[in-house]
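**Q** File coords06.pdb follows (PDB, C-alpha atoms and all ligand atoms):
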ATOM      1  CA  MET A 114     121.788-118.497 -67.176  1.00  0.00           C
ATOM      2  CA  LYS A 115     119.866-120.955 -65.043  1.00  0.00           C
ATOM      3  CA  ILE A 116     121.438-121.900 -61.736  1.00  0.00           C
ATOM      4  CA  LEU A 117     120.403-124.791 -59.511  1.00  0.00           C
ATOM      5  CA  VAL A 118     120.640-123.998 -55.793  1.00  0.00           C
ATOM      6  CA  ILE A 119     120.741-127.028 -53.497  1.00  0.00           C
ATOM      7  CA  HIS A 120     120.381-126.837 -49.726  1.00  0.00           C
ATOM      8  CA  GLY A 121     121.210-130.028 -47.856  1.00  0.00           C
ATOM      9  CA  PRO A 122     119.896-131.548 -44.628  1.00  0.00           C
ATOM     10  CA  ASN A 123     118.519-129.436 -41.777  1.00  0.00           C
ATOM     11  CA  LEU A 124     118.913-126.174 -43.653  1.00  0.00           C
ATOM     12  CA  GLN A 125     115.101-125.820 -43.685  1.00  0.00           C
ATOM     13  CA  LEU A 126     115.605-124.985 -39.996  1.00  0.00           C
ATOM     14  CA  LEU A 127     117.812-121.963 -40.627  1.00  0.00           C
ATOM     15  CA  GLY A 128     116.919-119.095 -38.328  1.00  0.00           C
ATOM     16  CA  VAL A 129     115.963-121.378 -35.446  1.00  0.00           C
ATOM     17  CA  ARG A 130     118.733-123.992 -35.581  1.00  0.00           C
ATOM     18  CA  ASN A 131     121.871-123.088 -33.580  1.00  0.00           C
ATOM     19  CA  PRO A 132     121.514-119.350 -34.324  1.00  0.00           C
ATOM     20  CA  GLU A 133     124.859-118.720 -32.582  1.00  0.00           C
ATOM     21  CA  VAL A 134     126.499-120.780 -35.360  1.00  0.00           C
ATOM     22  CA  TYR A 135     124.208-120.289 -38.360  1.00  0.00           C
ATOM     23  CA  GLY A 136     122.616-116.883 -37.631  1.00  0.00           C
ATOM     24  CA  SER A 137     118.988-115.802 -37.492  1.00  0.00           C
ATOM     25  CA  VAL A 138     118.229-115.407 -41.203  1.00  0.00           C
ATOM     26  CA  ASP A 139     115.857-118.059 -42.552  1.00  0.00           C
ATOM     27  CA  LEU A 140     116.153-120.027 -45.769  1.00  0.00           C
ATOM     28  CA  ASP A 141     113.338-118.150 -47.565  1.00  0.00           C
ATOM     29  CA  THR A 142     115.181-114.875 -47.005  1.00  0.00           C
ATOM     30  CA  ILE A 143     118.412-116.330 -48.375  1.00  0.00           C
ATOM     31  CA  ASN A 144     116.557-117.669 -51.424  1.00  0.00           C
ATOM     32  CA  GLN A 145     114.951-114.254 -52.064  1.00  0.00           C
ATOM     33  CA  GLN A 146     118.376-112.595 -51.934  1.00  0.00           C
ATOM     34  CA  LEU A 147     119.741-115.165 -54.375  1.00  0.00           C
ATOM     35  CA  ARG A 148     116.794-114.604 -56.738  1.00  0.00           C
ATOM     36  CA  ALA A 149     117.489-110.858 -56.684  1.00  0.00           C
ATOM     37  CA  ILE A 150     121.210-111.335 -57.417  1.00  0.00           C
ATOM     38  CA  ALA A 151     120.392-113.758 -60.230  1.00  0.00           C
ATOM     39  CA  ALA A 152     117.885-111.297 -61.757  1.00  0.00           C
ATOM     40  CA  GLU A 153     120.442-108.456 -61.587  1.00  0.00           C
ATOM     41  CA  ASN A 154     122.711-110.714 -63.642  1.00  0.00           C
ATOM     42  CA  GLN A 155     120.108-111.708 -66.248  1.00  0.00           C
ATOM     43  CA  SER A 156     119.931-115.156 -64.660  1.00  0.00           C
ATOM     44  CA  SER A 157     117.471-117.222 -62.654  1.00  0.00           C
ATOM     45  CA  ILE A 158     117.631-119.834 -59.921  1.00  0.00           C
ATOM     46  CA  ASP A 159     115.701-122.972 -59.077  1.00  0.00           C
ATOM     47  CA  VAL A 160     115.910-123.931 -55.419  1.00  0.00           C
ATOM     48  CA  HIS A 161     115.880-127.423 -53.971  1.00  0.00           C
ATOM     49  CA  GLN A 162     116.161-128.311 -50.265  1.00  0.00           C
ATOM     50  CA  SER A 163     116.375-131.934 -49.208  1.00  0.00           C
ATOM     51  CA  ASN A 164     117.226-133.932 -46.127  1.00  0.00           C
ATOM     52  CA  HIS A 165     117.798-137.063 -48.213  1.00  0.00           C
ATOM     53  CA  GLU A 166     121.106-137.961 -49.826  1.00  0.00           C
ATOM     54  CA  GLY A 167     119.565-139.977 -52.680  1.00  0.00           C
ATOM     55  CA  GLU A 168     117.182-137.157 -53.543  1.00  0.00           C
ATOM     56  CA  ILE A 169     120.106-134.742 -53.801  1.00  0.00           C
ATOM     57  CA  VAL A 170     121.951-137.255 -56.003  1.00  0.00           C
ATOM     58  CA  ASP A 171     118.835-137.581 -58.224  1.00  0.00           C
ATOM     59  CA  THR A 172     118.451-133.794 -58.460  1.00  0.00           C
ATOM     60  CA  ILE A 173     122.075-133.325 -59.517  1.00  0.00           C
ATOM     61  CA  GLY A 174     121.748-136.223 -61.955  1.00  0.00           C
ATOM     62  CA  ARG A 175     118.774-134.561 -63.675  1.00  0.00           C
ATOM     63  CA  SER A 176     120.527-131.184 -63.899  1.00  0.00           C
ATOM     64  CA  ARG A 177     122.689-131.933 -66.946  1.00  0.00           C
ATOM     65  CA  GLY A 178     121.544-129.902 -69.920  1.00  0.00           C
ATOM     66  CA  GLU A 179     119.137-127.934 -67.694  1.00  0.00           C
ATOM     67  CA  TYR A 180     121.492-125.717 -65.708  1.00  0.00           C
ATOM     68  CA  SER A 181     124.658-123.728 -66.367  1.00  0.00           C
ATOM     69  CA  GLY A 182     125.851-123.954 -62.778  1.00  0.00           C
ATOM     70  CA  ILE A 183     125.127-125.398 -59.341  1.00  0.00           C
ATOM     71  CA  LEU A 184     125.395-123.623 -55.981  1.00  0.00           C
ATOM     72  CA  ILE A 185     125.324-126.187 -53.180  1.00  0.00           C
ATOM     73  CA  ASN A 186     125.462-126.250 -49.413  1.00  0.00           C
ATOM     74  CA  PRO A 187     125.662-130.009 -48.875  1.00  0.00           C
ATOM     75  CA  ALA A 188     125.455-129.409 -45.081  1.00  0.00           C
ATOM     76  CA  ALA A 189     126.331-132.572 -43.117  1.00  0.00           C
ATOM     77  CA  TYR A 190     126.723-134.566 -46.361  1.00  0.00           C
ATOM     78  CA  THR A 191     129.757-132.384 -47.125  1.00  0.00           C
ATOM     79  CA  HIS A 192     131.734-134.557 -44.758  1.00  0.00           C
ATOM     80  CA  THR A 193     130.331-137.993 -45.621  1.00  0.00           C
ATOM     81  CA  SER A 194     128.852-138.282 -49.092  1.00  0.00           C
ATOM     82  CA  VAL A 195     130.871-139.981 -51.793  1.00  0.00           C
ATOM     83  CA  ALA A 196     127.555-140.298 -53.694  1.00  0.00           C
ATOM     84  CA  ILE A 197     127.012-136.514 -53.873  1.00  0.00           C
ATOM     85  CA  ARG A 198     130.657-135.970 -54.804  1.00  0.00           C
ATOM     86  CA  ASP A 199     130.339-138.512 -57.635  1.00  0.00           C
ATOM     87  CA  ALA A 200     127.069-136.905 -58.803  1.00  0.00           C
ATOM     88  CA  VAL A 201     128.703-133.460 -58.986  1.00  0.00           C
ATOM     89  CA  GLU A 202     131.693-134.890 -60.822  1.00  0.00           C
ATOM     90  CA  ALA A 203     129.481-136.799 -63.294  1.00  0.00           C
ATOM     91  CA  ALA A 204     127.197-133.830 -63.984  1.00  0.00           C
ATOM     92  CA  GLN A 205     130.135-131.810 -65.345  1.00  0.00           C
ATOM     93  CA  ILE A 206     128.362-128.580 -64.432  1.00  0.00           C
ATOM     94  CA  PRO A 207     130.480-125.904 -62.723  1.00  0.00           C
ATOM     95  CA  THR A 208     129.617-126.108 -59.020  1.00  0.00           C
ATOM     96  CA  VAL A 209     130.395-123.841 -56.076  1.00  0.00           C
ATOM     97  CA  GLU A 210     130.191-125.178 -52.509  1.00  0.00           C
ATOM     98  CA  VAL A 211     129.110-122.822 -49.738  1.00  0.00           C
ATOM     99  CA  HIS A 212     128.895-122.989 -45.957  1.00  0.00           C
ATOM    100  CA  LEU A 213     127.432-120.507 -43.525  1.00  0.00           C
ATOM    101  CA  SER A 214     129.960-121.379 -40.834  1.00  0.00           C
ATOM    102  CA  ASN A 215     133.722-121.630 -41.251  1.00  0.00           C
ATOM    103  CA  ILE A 216     133.944-125.419 -41.326  1.00  0.00           C
ATOM    104  CA  TYR A 217     137.737-125.239 -40.794  1.00  0.00           C
ATOM    105  CA  ALA A 218     137.279-123.499 -37.451  1.00  0.00           C
ATOM    106  CA  ARG A 219     134.895-126.147 -36.092  1.00  0.00           C
ATOM    107  CA  GLU A 220     135.007-129.793 -34.954  1.00  0.00           C
ATOM    108  CA  SER A 221     137.601-131.911 -36.751  1.00  0.00           C
ATOM    109  CA  PHE A 222     134.914-134.035 -38.463  1.00  0.00           C
ATOM    110  CA  ARG A 223     133.652-130.894 -40.244  1.00  0.00           C
ATOM    111  CA  GLN A 224     137.084-129.796 -41.427  1.00  0.00           C
ATOM    112  CA  HIS A 225     137.119-132.040 -44.463  1.00  0.00           C
ATOM    113  CA  SER A 226     134.902-131.726 -47.544  1.00  0.00           C
ATOM    114  CA  LEU A 227     134.471-134.658 -49.907  1.00  0.00           C
ATOM    115  CA  ILE A 228     132.676-132.367 -52.359  1.00  0.00           C
ATOM    116  CA  ALA A 229     135.082-129.402 -52.638  1.00  0.00           C
ATOM    117  CA  PRO A 230     137.664-131.203 -54.839  1.00  0.00           C
ATOM    118  CA  VAL A 231     135.090-131.587 -57.627  1.00  0.00           C
ATOM    119  CA  CYS A 232     133.881-127.969 -57.327  1.00  0.00           C
ATOM    120  CA  VAL A 233     135.159-124.778 -58.935  1.00  0.00           C
ATOM    121  CA  GLY A 234     135.677-123.433 -55.415  1.00  0.00           C
ATOM    122  CA  GLN A 235     134.313-123.174 -51.899  1.00  0.00           C
ATOM    123  CA  ILE A 236     133.143-120.268 -49.729  1.00  0.00           C
ATOM    124  CA  SER A 237     132.883-120.865 -46.004  1.00  0.00           C
ATOM    125  CA  GLY A 238     132.304-118.725 -42.946  1.00  0.00           C
ATOM    126  CA  PHE A 239     130.407-115.614 -44.043  1.00  0.00           C
ATOM    127  CA  GLY A 240     126.948-116.573 -42.765  1.00  0.00           C
ATOM    128  CA  PRO A 241     124.118-116.029 -45.260  1.00  0.00           C
ATOM    129  CA  GLN A 242     126.504-113.923 -47.344  1.00  0.00           C
ATOM    130  CA  SER A 243     128.445-117.088 -48.199  1.00  0.00           C
ATOM    131  CA  TYR A 244     125.539-117.888 -50.538  1.00  0.00           C
ATOM    132  CA  GLU A 245     125.609-114.417 -52.116  1.00  0.00           C
ATOM    133  CA  TYR A 246     129.383-114.495 -52.606  1.00  0.00           C
ATOM    134  CA  GLY A 247     129.092-118.039 -53.927  1.00  0.00           C
ATOM    135  CA  LEU A 248     126.429-117.141 -56.477  1.00  0.00           C
ATOM    136  CA  LYS A 249     128.363-114.078 -57.646  1.00  0.00           C
ATOM    137  CA  ALA A 250     131.552-116.153 -57.939  1.00  0.00           C
ATOM    138  CA  LEU A 251     129.687-118.839 -59.893  1.00  0.00           C
ATOM    139  CA  LEU A 252     128.093-116.334 -62.287  1.00  0.00           C
ATOM    140  CA  GLY A 253     131.472-114.635 -62.753  1.00  0.00           C
ATOM    141  CA  HIS A 254     133.099-117.971 -63.487  1.00  0.00           C
ATOM    142  CA  LEU A 255     130.390-118.861 -66.001  1.00  0.00           C
ATOM    143  CA  SER A 256     130.657-115.559 -67.856  1.00  0.00           C
ATOM    144  CA  ALA A 257     134.479-115.541 -67.943  1.00  0.00           C
TER     145      ALA A 257
HETATM  146  C1  LIG B 301     127.128-126.276 -42.839  1.00  0.00           C
HETATM  147  C2  LIG B 301     128.295-126.897 -42.052  1.00  0.00           C
HETATM  148  C3  LIG B 301     128.072-128.381 -41.858  1.00  0.00           C
HETATM  149  O1  LIG B 301     129.156-128.951 -41.113  1.00  0.00           O
HETATM  150  C4  LIG B 301     126.792-128.645 -41.105  1.00  0.00           C
HETATM  151  O2  LIG B 301     126.542-130.032 -40.996  1.00  0.00           O
HETATM  152  C5  LIG B 301     125.618-127.928 -41.672  1.00  0.00           C
HETATM  153  C6  LIG B 301     125.785-126.574 -42.194  1.00  0.00           C
HETATM  154  C7  LIG B 301     127.253-124.738 -42.949  1.00  0.00           C
HETATM  155  O3  LIG B 301     126.584-124.175 -43.807  1.00  0.00           O
HETATM  156  O4  LIG B 301     127.981-124.118 -42.167  1.00  0.00           O
HETATM  157  O5  LIG B 301     124.496-128.431 -41.647  1.00  0.00           O
HETATM  158  O6  LIG B 301     127.146-126.797 -44.155  1.00  0.00           O
END
Take the structure I supplied and represent it as structure tokens, if you would.
Ligand code: DQA

**A**
Amino acid sequence: MKILVIHGPNLQLLGVRNPEVYGSVDLDTINQQLRAIAAENQSSIDVHQSNHEGEIVDTIGRSRGEYSGILINPAAYTHTSVAIRDAVEAAQIPTVEVHLSNIYARESFRQHSLIAPVCVGQISGFGPQSYEYGLKALLGHLSA
């Protein structure tokens, strides 16, 4: 199975950005761990990081027919982007939303996700492991 992994805005700064909130592991390390998990499950990942809403919408729009599932951390767009929500809904590809931090334990503006209702599920609050749990949950969902 081919999985599309999407990292939203500012996640290229992981490891140096607010380490007390997001930890000290960088994005390359997370991507390597995801590649290893995918390989263990006879699957592969393509990774896309973007700081631009329209680019994320375009990437999701092109994913139909290409990917079995999407793992996405929409970052700040989680809380604002009707366009990304509509793209996920239109793609009709099972999608899992992940967050490093527990968005429900943070500022009120982070406590609502526009994307989660069109996803299979959401994992939030386990640091870099949110991605690992999310990928495993997505692969499990796809093979069920
Ligand atoms: C985040 C949570 C968002 O509120 C924030 O804007 C991020 C990262 C997380 O992974 O915890 O950039 O998605």

**Q** Using the chain letters and numbering of this document, enumerate as a list in words the residues selected by the PyMOL selection byres (((chain A and resi 159) around 9) and not hetatm).

**A**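 Residues picked by the PyMOL selection byres (((chain A and resi 159) around 9) and not hetatm): Lys115, Ile116, Leu117, Val118, Ile119, Arg148, Ser157, Ile158, Val160 and His161 of chain A.
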
**Q** Extract, using only C-alpha atoms, all DNA, RNA and protein residues at most 9 Å from range 201-207 of chain A, discarding same-chain residues fewer than 3 positions from it, and format them as a PyMOL selection string.

**A** chain A and resi 170+173-178+180-184+196-198+228+231-233+251+254-255

**Q** Counting all atoms listed in the file, what is within 8 Å of range 210-218 of chain A, bar same-chain residues fewer than 5 positions away, as a PyMOL selection string?

**A** chain A and resi 134-135+184-188+223-225+228-229+232+234-244+247

**Q** Using the selection just defined, write its residues with C-alpha atoms as a JSON list (two decimals), in the coordinates of the input.

**A**
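Once written, result.json looks like this:
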[["chain", "number", "residue", "atom", "x", "y", "z"],
["A", 134, "VAL", "CA", 126.50, -120.78, -35.36],
["A", 135, "TYR", "CA", 124.21, -120.29, -38.36],
["A", 184, "LEU", "CA", 125.40, -123.62, -55.98],
["A", 185, "ILE", "CA", 125.32, -126.19, -53.18],
["A", 186, "ASN", "CA", 125.46, -126.25, -49.41],
["A", 187, "PRO", "CA", 125.66, -130.01, -48.88],
["A", 188, "ALA", "CA", 125.46, -129.41, -45.08],
["A", 223, "ARG", "CA", 133.65, -130.89, -40.24],
["A", 224, "GLN", "CA", 137.08, -129.80, -41.43],
["A", 225, "HIS", "CA", 137.12, -132.04, -44.46],
["A", 228, "ILE", "CA", 132.68, -132.37, -52.36],
["A", 229, "ALA", "CA", 135.08, -129.40, -52.64],
["A", 232, "CYS", "CA", 133.88, -127.97, -57.33],
["A", 234, "GLY", "CA", 135.68, -123.43, -55.42],
["A", 235, "GLN", "CA", 134.31, -123.17, -51.90],
["A", 236, "ILE", "CA", 133.14, -120.27, -49.73],
["A", 237, "SER", "CA", 132.88, -120.86, -46.00],
["A", 238, "GLY", "CA", 132.30, -118.72, -42.95],
["A", 239, "PHE", "CA", 130.41, -115.61, -44.04],
["A", 240, "GLY", "CA", 126.95, -116.57, -42.76],
["A", 241, "PRO", "CA", 124.12, -116.03, -45.26],
["A", 242, "GLN", "CA", 126.50, -113.92, -47.34],
["A", 243, "SER", "CA", 128.44, -117.09, -48.20],
["A", 244, "TYR", "CA", 125.54, -117.89, -50.54],
["A", 247, "GLY", "CA", 129.09, -118.04, -53.93]]

**Q** Quick one: residues within 9 Å of Tyr190 in chain A, all atoms listed in the file, excluding same-chain residues fewer than 6 positions away - as a ChimeraX atom specification?

**A** /A:121-122,166,197,226-228

**Q** Using only the atoms of range 168-173 of chain A listed in the file, plus 6 Å on each side, state the axis-aligned box centre and edge lengths in Å rounded to one decimal, as lines of an AutoDock Vina configuration file.

**A**
center_x = 119.6
center_y = -135.5
center_z = -56.5
size_x = 16.9
size_y = 16.3
size_z = 18.0

**Q** Env of range 139-143 of chain A: 6 Å cut, atoms = all atoms listed in the file, seq-sep filter 2 positions within chain, self excluded. Answer as a compact mmCIF listing (two decimals) with C-alpha atoms, in the coordinates of the input.

**A**
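Written output follows (result_2.txt):
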# COMPACT_ATOMS: atom_id res chain seq x y z
CA LEU A 127 117.81 -121.96 -40.63
CA GLY A 128 116.92 -119.10 -38.33
CA GLN A 145 114.95 -114.25 -52.06
CA GLN A 146 118.38 -112.60 -51.93

**Q** Here is a test: counting all atoms listed in the file, which residue of A:Leu124, A:Val138, A:Met114, A:Leu248 is nearest to ligand LIG 301 (chain B)?

**A** A:Leu124

**Q** Quick one, how far is CA of Gly167 in chain A from CA of Ala149 in chain A?

**A**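 According to the coordinates, CA of Gly167 in chain A and CA of Ala149 in chain A are separated by 29.5 Å.
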
**Q** Given the choices A:Ser163, A:Ser137, A:Asn144, A:Thr191, which gets closest to ligand LIG 301 (chain B) if the distance is worked out from all atoms listed in the file?

**A**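 Of A:Ser163, A:Ser137, A:Asn144, A:Thr191, the one nearest ligand LIG 301 (chain B), counting all atoms listed in the file, is A:Thr191.
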
**Q** Separation of CA of Ser256 in chain A and CA of Glu179 in chain A, in Å?

**A**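 So the answer is 16.9 Å.
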
**Q** I need the residue nearest ligand LIG 301 (chain B) from this list: A:Asn154, A:Thr208, A:Thr172, A:Ser221. Use only C-alpha atoms and all ligand atoms for the distance.

**A**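 So, comparing all the options, the nearest one is A:Ser221.
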
**Q** Between atom C5 of ligand LIG 301 (chain B) and CA of Ala152 in chain A, what is the spacing in Å?

**A** 27.2 Å

**Q** Between A:Gln155, A:Gly253, A:Ala189, A:Glu168, which residue has the minimum interatomic distance to ligand LIG 301 (chain B), considering all atoms listed in the file?

**A**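 Ranking A:Gln155, A:Gly253, A:Ala189, A:Glu168 by distance to ligand LIG 301 (chain B), first place goes to A:Ala189.
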
**Q** Counting all atoms listed in the file, which residue out of A:Ala257, A:Glu133, A:Asp199, A:Asn123 sits closest to Gln162 in chain A?

**A**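 Checking each of A:Ala257, A:Glu133, A:Asp199, A:Asn123 against Gln162 in chain A, counting all atoms listed in the file, the winner is A:Asn123.
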
**Q** Using only C-alpha atoms, which residue out of A:Glu220, A:Asn164, A:Ala200, A:Thr193 lies closest to Leu126 in chain A?

**A** A:Asn164
